[in-house]
file structure.cif (mmCIF, C-alpha atoms)
data_query
#
loop_
_atom_site.label_atom_id
_atom_site.label_comp_id
_atom_site.auth_asym_id
_atom_site.auth_seq_id
_atom_site.Cartn_x
_atom_site.Cartn_y
_atom_site.Cartn_z
CA MET A 1 79.30 203.41 -44.36
CA ILE A 2 80.20 206.44 -46.44
CA ARG A 3 77.56 208.03 -48.69
CA ILE A 4 78.85 210.26 -51.50
CA ALA A 5 76.54 212.77 -53.20
CA CYS A 6 77.47 212.50 -56.88
CA PRO A 7 76.50 215.73 -58.72
CA PHE A 8 74.92 213.66 -61.54
CA CYS A 9 73.63 210.50 -59.85
CA GLY A 10 72.69 211.72 -56.38
CA GLU A 11 73.67 210.15 -53.07
CA ARG A 12 75.30 206.74 -53.48
CA ASP A 13 77.12 204.19 -51.34
CA HIS A 14 80.92 204.45 -51.39
CA SER A 15 81.10 200.93 -52.89
CA GLU A 16 80.13 202.49 -56.25
CA PHE A 17 83.31 204.58 -56.17
CA THR A 18 87.05 203.95 -56.31
CA TYR A 19 89.33 206.05 -54.10
CA GLY A 20 91.84 207.97 -56.21
CA GLY A 21 94.03 209.54 -53.54
CA ASP A 22 94.95 212.93 -52.12
CA ALA A 23 93.62 215.65 -54.44
CA SER A 24 96.26 218.16 -53.33
CA VAL A 25 99.18 216.20 -54.83
CA VAL A 26 100.88 218.01 -57.70
CA TYR A 27 102.53 215.56 -60.06
CA PRO A 28 105.78 216.51 -61.82
CA PRO A 29 106.10 216.82 -65.61
CA LEU A 30 106.40 213.51 -67.48
CA ASP A 31 110.08 214.12 -68.21
CA ALA A 32 110.94 214.89 -64.55
CA PRO A 33 113.62 212.83 -62.80
CA ALA A 34 112.57 209.53 -61.18
CA GLU A 35 113.27 211.02 -57.73
CA ASP A 36 110.59 213.68 -58.29
CA TRP A 37 108.08 211.02 -59.33
CA ALA A 38 108.96 208.80 -56.38
CA GLU A 39 108.38 211.70 -54.00
CA ALA A 40 105.03 212.61 -55.60
CA VAL A 41 103.75 209.03 -55.68
CA PHE A 42 105.11 207.49 -52.48
CA LEU A 43 105.87 210.26 -49.97
CA ARG A 44 102.51 211.50 -48.72
CA GLU A 45 101.20 213.15 -45.60
CA ASN A 46 98.86 211.03 -43.50
CA ILE A 47 96.34 213.79 -42.89
CA ARG A 48 94.27 213.69 -39.72
CA GLY A 49 91.13 215.71 -40.33
CA MET A 50 89.67 217.36 -43.43
CA GLN A 51 91.31 216.29 -46.69
CA ALA A 52 90.51 216.83 -50.37
CA GLU A 53 90.43 213.45 -52.12
CA THR A 54 89.72 212.20 -55.63
CA TRP A 55 87.04 209.54 -56.09
CA HIS A 56 85.95 207.90 -59.36
CA HIS A 57 82.28 206.96 -59.76
CA VAL A 58 83.01 203.68 -61.56
CA SER A 59 79.56 202.13 -61.05
CA GLY A 60 77.68 205.24 -62.07
CA CYS A 61 78.39 208.21 -64.33
CA ARG A 62 82.19 207.49 -64.31
CA LEU A 63 82.89 211.08 -63.25
CA TRP A 64 86.02 211.94 -61.25
CA LEU A 65 85.11 213.91 -58.13
CA ILE A 66 86.89 216.01 -55.51
CA VAL A 67 85.49 215.02 -52.13
CA GLU A 68 86.35 216.98 -48.98
CA ARG A 69 86.23 214.30 -46.27
CA ASP A 70 87.23 214.20 -42.62
CA THR A 71 89.60 211.23 -42.27
CA MET A 72 88.65 210.78 -38.61
CA THR A 73 84.83 210.84 -38.83
CA HIS A 74 84.26 210.25 -42.58
CA GLU A 75 82.02 213.33 -42.62
CA ILE A 76 81.84 214.74 -46.15
CA ARG A 77 81.91 218.53 -46.38
CA SER A 78 81.65 218.94 -50.16
CA VAL A 79 81.64 217.05 -53.46
CA ARG A 80 82.37 218.55 -56.87
CA PRO A 81 83.54 217.39 -60.28
CA ALA A 82 87.33 217.22 -60.55
CA HIS A 83 87.28 218.89 -63.97
CA PRO A 84 86.77 222.66 -63.56
CA GLY A 85 84.79 222.91 -66.83
CA ILE A 86 82.22 220.36 -65.69
CA ALA A 87 82.00 222.05 -62.29
CA ARG A 88 81.32 225.42 -63.96
CA ALA A 89 78.68 223.83 -66.21
CA LEU A 90 76.92 222.65 -63.05
CA GLY A 91 77.14 226.16 -61.56
CA ILE A 92 79.89 225.29 -59.06
CA ASN A 93 82.44 228.09 -58.67
CA VAL A 94 85.99 226.68 -58.72
CA GLU A 95 89.38 228.24 -59.31
CA GLU A 96 91.46 227.00 -62.25
CA GLU A 97 94.61 225.22 -61.11
CA ALA A 98 97.86 226.29 -62.72
#
call {"tool": "encode", "arguments": {"input": "structure.cif", "output": "structure tokens"}}
result
Amino acid sequence: MIRIACPFCGERDHSEFTYGGDASVVYPPLDAPAEDWAEAVFLRENIRGMQAETWHHVSGCRLWLIVERDTMTHEIRSVRPAHPGIARALGINVEEEA
């Protein structure tokens, strides 16, 4: 069982969340060719070890989170809001993504 520490709701069972995917994926602009979109959506690395993932707290505060999780052991290293502004409001130092 995975327990995720939501910054607003506290520690919760993973069944309250929906997995959103690899947080390191950079999606192309909306007007990009279909090949670029196909690569971004379907061609992914199957990471063994620590990975940044997006999770949506659908049965709680509905916040999108970035969860650093080991794909082998399910150990969670960190949890933070996906939106940098919300993270800063909570006192979490994050870099703005370009």
call {"tool": "resolve_selection", "arguments": {"input": "structure.cif", "expression": "the PyMOL selection byres ((chain A and resi 87) around 12)", "output": "short mmCIF file (atom, residue, chain, number, x, y, z; two decimals) with C-alpha atoms, in the coordinates of the input"}}
result
data_model
loop_
_atom_site.label_atom_id
_atom_site.label_comp_id
_atom_site.auth_asym_id
_atom_site.auth_seq_id
_atom_site.Cartn_x
_atom_site.Cartn_y
_atom_site.Cartn_z
CA CYS A 6 77.47 212.50 -56.88
CA PRO A 7 76.50 215.73 -58.72
CA PHE A 8 74.92 213.66 -61.54
CA LEU A 63 82.89 211.08 -63.25
CA TRP A 64 86.02 211.94 -61.25
CA LEU A 65 85.11 213.91 -58.13
CA ILE A 66 86.89 216.01 -55.51
CA VAL A 79 81.64 217.05 -53.46
CA ARG A 80 82.37 218.55 -56.87
CA PRO A 81 83.54 217.39 -60.28
CA ALA A 82 87.33 217.22 -60.55
CA HIS A 83 87.28 218.89 -63.97
CA PRO A 84 86.77 222.66 -63.56
CA GLY A 85 84.79 222.91 -66.83
CA ILE A 86 82.22 220.36 -65.69
CA ARG A 88 81.32 225.42 -63.96
CA ALA A 89 78.68 223.83 -66.21
CA LEU A 90 76.92 222.65 -63.05
CA GLY A 91 77.14 226.16 -61.56
CA ILE A 92 79.89 225.29 -59.06
CA ASN A 93 82.44 228.09 -58.67
CA VAL A 94 85.99 226.68 -58.72
CA GLU A 95 89.38 228.24 -59.31
CA GLU A 96 91.46 227.00 -62.25
#
call {"tool": "atom_distance", "arguments": {"input": "structure.cif", "atom1": "CA of Glu45 (chain A)", "atom2": "CA of Val25 (chain A)"}}
result
9.9 Å
call {"tool": "resolve_selection", "arguments": {"input": "structure.cif", "expression": "the PyMOL selection byres ((chain A and resi 55) around 6)", "output": "MDAnalysis selection string"}}
result
chainID A and resid 18:20 54 56 64:65
call {"tool": "atom_distance", "arguments": {"input": "structure.cif", "atom1": "CA of Ile2 (chain A)", "atom2": "CA of Glu75 (chain A)"}}
result
8.1 Å
call {"tool": "resolve_selection", "arguments": {"input": "structure.cif", "expression": "the PyMOL selection byres ((chain A and resi 72) around 10)", "output": "ChimeraX atom specification"}}
result
/A:47-50,69-71,73-75
call {"tool": "atom_distance", "arguments": {"input": "structure.cif", "atom1": "CA of Ala52 (chain A)", "atom2": "CA of Glu35 (chain A)"}}
result
24.6 Å
call {"tool": "closest_residue", "arguments": {"input": "structure.cif", "among": "A:Asp31, A:Glu39, A:Asp22, A:Glu68", "to": "Ile4 (chain A)", "atoms": "all atoms listed in the file"}}
result
A:Glu68
call {"tool": "residues_around", "arguments": {"input": "structure.cif", "residues": "Asp36 (chain A)", "least_positions_apart": "6", "cutoff": "10 Å", "atoms": "all atoms listed in the file", "output": "NGL selection string"}}
result
:A and (27-29)
call {"tool": "closest_residue", "arguments": {"input": "structure.cif", "among": "A:Ala5, A:Arg77, A:Ser24, A:Glu16", "to": "Gly60 (chain A)", "atoms": "all atoms listed in the file"}}
result
A:Glu16
